[in-house]
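J.: Quick one: this structure, given as structure tokens, is what I'll be asking you about.
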Amino acid sequence: MKNIELQSAFKKLISGIFTVSCLSVSLSCESQKFADKDTGQLYEFSIKNDRILLKQDLVRGGTISWLSEAKHPRNLVNIADEGRYIQQSYYAGKAVNRQAGGQSPAWSPWSWNPIQAGDYAGNRARILDKWQTPDSTYIKCIPMLWDMDNKPAQACMEQWTTLQGNTVMVRCRLTCHRTDDIYGEGIANDQEIPAVYLISALGNLYSYFGNTPFAGEPVENTEVVHLEDGFWGIYDSTTRKVCSEKWMAFVDESGWGVGVYSPMATKFLAGMFGQPDKECNDISTGYIAPVYVEKLMKNSVFDYHYYLIVGTLDEIRSSIYRLHLF
């Protein structure tokens, strides 16, 4: 089995914010924000209820670019470069040197790695379809291969996003239609389900690591591992810290923040890069990735769902318990 761990670590060390021309998309919906003042072309979905506000970047494949309380618009998502956001990212096959075809030397060799926002060079995913209701959205996009310069992946990503109280419910689907023969088949890879980048000002990491999940036993404030020290923190049976309730949360000193619950997860990666007091556009970031091992074939369809919960630790865990029983 090949892991994404070193690949993921290097990707997250990107320190530049790319500046490229925006892909124009159109949508007729008066509730949207950031439409071009001359053309009316839309760059963003925005949905809101009485608890939370969520935005998706239609220039970057519908990635979640904003999550905040409805009444206090402070973005909790780190958006410093295309490798951040809250987004879909997948790995298939073996690592391959494709520098002759435009692969970045910094990301070579690399496996097949479509991501929702765009590639290392700032080329962004293309939206194929989209719709919105007052509390939900749908997007379909062609992702980009992270390591390549302007190479769309032979795949499409879909995302259904719904707000319910303090919870964001997300379903993701990857449909592959690859024709390449260079990466190989039948190779197991760690999949981020999903990749979640949060502001580093939420500096305290919590989960439940005991043997009796969903029984209300105390949660633990665990050490925040820094990427600069070698890699993110790993939470699985080999580290004796298993997130047995399938969630982790970054919160501030008052115990308020964002939880990530992914029922399919078999382990978690989590940690921080940089300083623990920064905001959405800063290079410093928090990171949580529920992980599931999957062999993605050239014609695979991979489907999963996850939840983001905004609130105090008690509110986050109570919401997860309700979702677990649903």
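Residue numbering restarts at 1 for every chain of the structure tokens, chains are lettered A, B, ... in their displayed order, and ligands are numbered from 1 as they appear.
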Taking 4 positions as the minimum chain separation for residues in the same chain, which residues sit within 6 Å of Glu69 in chain A when counting only C-alpha atoms? Answer as a VMD selection string.
T.: chain A and resid 51 to 53
J.: Find the spatial neighbours of range 196-207 of chain A, counting only C-alpha atoms, within a cut-off of 7 Å - ignore same-chain residues fewer than 6 positions away - and output them as a VMD selection string.
T.: chain A and resid 76 to 78 84 to 87 219 to 222 224 243 247 to 252 257 272 275 to 280 284 to 289
J.: Go ahead and write the residues just picked, N, CA and C atoms, as an mmCIF file, in the first residue's frame.
T.:
```cif
data_model
loop_
_atom_site.group_PDB
_atom_site.id
_atom_site.type_symbol
_atom_site.label_atom_id
_atom_site.label_comp_id
_atom_site.auth_asym_id
_atom_site.auth_seq_id
_atom_site.Cartn_x
_atom_site.Cartn_y
_atom_site.Cartn_z
ATOM 1 N N LEU A 76 -13.549 30.992 8.752
ATOM 2 C CA LEU A 76 -12.788 29.984 9.493
ATOM 3 C C LEU A 76 -11.989 29.060 8.580
ATOM 4 N N VAL A 77 -12.081 29.279 7.258
ATOM 5 C CA VAL A 77 -11.401 28.429 6.277
ATOM 6 C C VAL A 77 -10.137 29.123 5.791
ATOM 7 N N ASN A 78 -9.021 28.387 5.755
ATOM 8 C CA ASN A 78 -7.789 28.950 5.216
ATOM 9 C C ASN A 78 -7.794 28.825 3.691
ATOM 10 N N ARG A 84 -5.242 24.652 -0.356
ATOM 11 C CA ARG A 84 -5.960 24.788 0.921
ATOM 12 C C ARG A 84 -7.467 24.601 0.684
ATOM 13 N N TYR A 85 -8.294 25.503 1.251
ATOM 14 C CA TYR A 85 -9.751 25.418 1.165
ATOM 15 C C TYR A 85 -10.258 24.160 1.899
ATOM 16 N N ILE A 86 -11.521 23.837 1.707
ATOM 17 C CA ILE A 86 -12.094 22.542 2.096
ATOM 18 C C ILE A 86 -12.522 21.908 0.790
ATOM 19 N N GLN A 87 -11.867 20.805 0.414
ATOM 20 C CA GLN A 87 -12.048 20.339 -0.955
ATOM 21 C C GLN A 87 -11.780 18.856 -1.106
ATOM 22 N N VAL A 219 -13.679 14.048 26.234
ATOM 23 C CA VAL A 219 -12.814 14.262 25.083
ATOM 24 C C VAL A 219 -11.429 14.683 25.573
ATOM 25 N N GLU A 220 -10.455 14.678 24.663
ATOM 26 C CA GLU A 220 -9.070 14.999 25.031
ATOM 27 C C GLU A 220 -8.532 16.130 24.167
ATOM 28 N N ASN A 221 -7.879 17.073 24.800
ATOM 29 C CA ASN A 221 -7.142 18.123 24.099
ATOM 30 C C ASN A 221 -5.756 17.568 23.801
ATOM 31 N N THR A 222 -5.533 17.149 22.559
ATOM 32 C CA THR A 222 -4.295 16.468 22.198
ATOM 33 C C THR A 222 -3.260 17.457 21.667
ATOM 34 N N VAL A 224 -0.881 19.449 19.331
ATOM 35 C CA VAL A 224 -0.972 19.850 17.933
ATOM 36 C C VAL A 224 0.404 19.667 17.295
ATOM 37 N N CYS A 243 -9.271 7.991 16.657
ATOM 38 C CA CYS A 243 -10.462 8.852 16.752
ATOM 39 C C CYS A 243 -11.685 7.958 16.585
ATOM 40 N N TRP A 247 -14.269 11.820 14.417
ATOM 41 C CA TRP A 247 -14.265 13.275 14.286
ATOM 42 C C TRP A 247 -13.034 13.859 14.964
ATOM 43 N N MET A 248 -12.669 15.076 14.511
ATOM 44 C CA MET A 248 -11.698 15.907 15.202
ATOM 45 C C MET A 248 -12.187 17.348 15.089
ATOM 46 N N ALA A 249 -11.726 18.199 16.002
ATOM 47 C CA ALA A 249 -12.151 19.597 16.001
ATOM 48 C C ALA A 249 -10.990 20.495 16.388
ATOM 49 N N PHE A 250 -10.860 21.615 15.690
ATOM 50 C CA PHE A 250 -9.984 22.705 16.097
ATOM 51 C C PHE A 250 -10.842 23.799 16.709
ATOM 52 N N VAL A 251 -10.470 24.235 17.918
ATOM 53 C CA VAL A 251 -11.245 25.255 18.621
ATOM 54 C C VAL A 251 -10.298 26.306 19.203
ATOM 55 N N ASP A 252 -10.886 27.463 19.580
ATOM 56 C CA ASP A 252 -10.085 28.518 20.208
ATOM 57 C C ASP A 252 -9.981 28.284 21.708
ATOM 58 N N GLY A 257 -15.231 26.409 17.853
ATOM 59 C CA GLY A 257 -14.541 26.256 16.588
ATOM 60 C C GLY A 257 -15.301 25.386 15.612
ATOM 61 N N MET A 272 -0.774 21.556 12.358
ATOM 62 C CA MET A 272 -0.691 22.976 12.056
ATOM 63 C C MET A 272 0.596 23.264 11.311
ATOM 64 N N GLN A 275 2.192 29.728 12.483
ATOM 65 C CA GLN A 275 1.881 30.292 13.792
ATOM 66 C C GLN A 275 0.417 30.057 14.179
ATOM 67 N N PRO A 276 0.133 29.891 15.480
ATOM 68 C CA PRO A 276 -1.229 29.528 15.917
ATOM 69 C C PRO A 276 -2.136 30.731 16.186
ATOM 70 N N ASP A 277 -2.020 31.782 15.391
ATOM 71 C CA ASP A 277 -2.847 32.960 15.662
ATOM 72 C C ASP A 277 -3.219 33.701 14.380
ATOM 73 N N LYS A 278 -3.314 32.979 13.261
ATOM 74 C CA LYS A 278 -3.501 33.614 11.965
ATOM 75 C C LYS A 278 -4.899 33.369 11.402
ATOM 76 N N GLU A 279 -5.201 34.078 10.301
ATOM 77 C CA GLU A 279 -6.549 34.085 9.746
ATOM 78 C C GLU A 279 -6.582 33.468 8.342
ATOM 79 N N CYS A 280 -7.671 33.730 7.604
ATOM 80 C CA CYS A 280 -7.970 32.942 6.417
ATOM 81 C C CYS A 280 -6.986 33.125 5.267
ATOM 82 N N SER A 284 0.004 30.491 7.524
ATOM 83 C CA SER A 284 -0.223 29.574 8.642
ATOM 84 C C SER A 284 -1.611 28.960 8.543
ATOM 85 N N THR A 285 -1.721 27.673 8.882
ATOM 86 C CA THR A 285 -2.999 26.985 8.720
ATOM 87 C C THR A 285 -3.125 25.810 9.676
ATOM 88 N N GLY A 286 -4.344 25.486 10.018
ATOM 89 C CA GLY A 286 -4.659 24.216 10.644
ATOM 90 C C GLY A 286 -5.121 23.236 9.580
ATOM 91 N N TYR A 287 -5.024 21.942 9.869
ATOM 92 C CA TYR A 287 -5.349 20.912 8.880
ATOM 93 C C TYR A 287 -5.962 19.719 9.582
ATOM 94 N N ILE A 288 -7.086 19.249 9.041
ATOM 95 C CA ILE A 288 -7.694 17.987 9.470
ATOM 96 C C ILE A 288 -8.067 17.213 8.214
ATOM 97 N N ALA A 289 -7.675 15.956 8.164
ATOM 98 C CA ALA A 289 -8.079 15.096 7.055
ATOM 99 C C ALA A 289 -8.484 13.730 7.579
#
```
J.: Would you pick out the contacts of range 213-218 of chain A at 8 Å or less, using only C-alpha atoms, so that residues sharing its chain but fewer than 4 positions from it are not included, and give the list as a tab-separated table (two decimals) with C-alpha atoms, in the first residue's frame?
T.:
```
chain	number	residue	atom	x	y	z
A	208	TYR	CA	-12.37	11.30	21.69
A	244	SER	CA	-13.06	6.23	17.55
A	245	GLU	CA	-16.01	8.60	17.07
A	321	TYR	CA	-24.08	12.09	18.16
```
J.: Go through A:Ala125, A:Lys151, A:Tyr90, A:Phe231 one by one, measure the shortest atom-to-atom distance of each to Tyr292 in chain A using only C-alpha atoms, and give the residue with the smallest value.
T.: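 Going through A:Ala125, A:Lys151, A:Tyr90, A:Phe231 one by one, the smallest distance to Tyr292 in chain A is for A:Tyr90.
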J.: Any chance you could list, as number ranges by chain, the residues in range 49-187 of chain A that come up strand (DSSP E or B) when DSSP is run on the backbone?
T.: A: 52-57, 63-69, 77, 86-89, 92-96, 103, 110-112, 114-115, 118, 124, 126-133, 136-142, 144-145, 148, 152, 155-164, 167-176
J.: Quick one: residues within 10 Å of Ser300 in chain A, only C-alpha atoms, excluding same-chain residues fewer than 6 positions away - as a VMD selection string?
T.: chain A and resid 155 174 to 178
J.: For Arg171 in chain A, find every residue with an atom within 10 Å (counting only C-alpha atoms), except residues of its own chain fewer than 4 positions away, and show them as a PyMOL selection string.
T.: chain A and resi 138+158-162+303-307
J.: Grab the residues selected above and save them as a tab-separated table (two decimals), in the first residue's frame with C-alpha atoms.
T.:
```
chain	number	residue	atom	x	y	z
A	138	TYR	CA	-24.81	21.27	-6.24
A	158	GLU	CA	-19.65	16.32	-7.85
A	159	GLN	CA	-20.62	17.88	-4.54
A	160	TRP	CA	-23.97	18.25	-2.80
A	161	THR	CA	-23.90	20.70	0.13
A	162	THR	CA	-26.75	21.34	2.58
A	303	ASP	CA	-18.70	8.34	-3.14
A	304	TYR	CA	-18.65	9.50	0.49
A	305	HIS	CA	-20.19	12.04	2.84
A	306	TYR	CA	-18.91	14.19	5.69
A	307	TYR	CA	-20.06	16.94	8.05
```
J.: Measure the distance from CA of Lys246 in chain A to CA of Ala265 in chain A in Å and round it to one decimal.
T.: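 Straight-line distance from CA of Lys246 in chain A to CA of Ala265 in chain A works out to 6.2 Å.
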J.: How many Å separate CA of Ala100 in chain A from CA of Asp149 in chain A?
T.: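 A separation of 11.4 Å between them.
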J.: Measure the distance from CA of Asp119 in chain A to CA of Pro290 in chain A in Å and round it to one decimal.
T.: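 Taking CA of Asp119 in chain A as the start and CA of Pro290 in chain A as the end point, the length is 21.9 Å.
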J.: Which polymer residues have any atom within 6 Å of an atom of range 55-59 of chain A, counting only C-alpha atoms, with same-chain residues fewer than 4 positions away left out, as a PyMOL selection string?
T.: chain A and resi 23+43-46+63-66
J.: Could you save the residues just selected, with C-alpha atoms, as a CSV table (one decimal), in the first residue's frame?
T.:
```
chain,number,residue,atom,x,y,z
A,23,LEU,CA,-12.7,31.4,-15.0
A,43,TYR,CA,-17.9,33.7,-9.0
A,44,GLU,CA,-19.5,32.3,-5.8
A,45,PHE,CA,-22.4,30.4,-4.2
A,46,SER,CA,-23.5,31.7,-0.8
A,63,THR,CA,-14.5,24.4,-3.1
A,64,ILE,CA,-15.8,25.5,0.3
A,65,SER,CA,-14.0,28.9,0.6
A,66,TRP,CA,-15.9,30.4,3.6
```
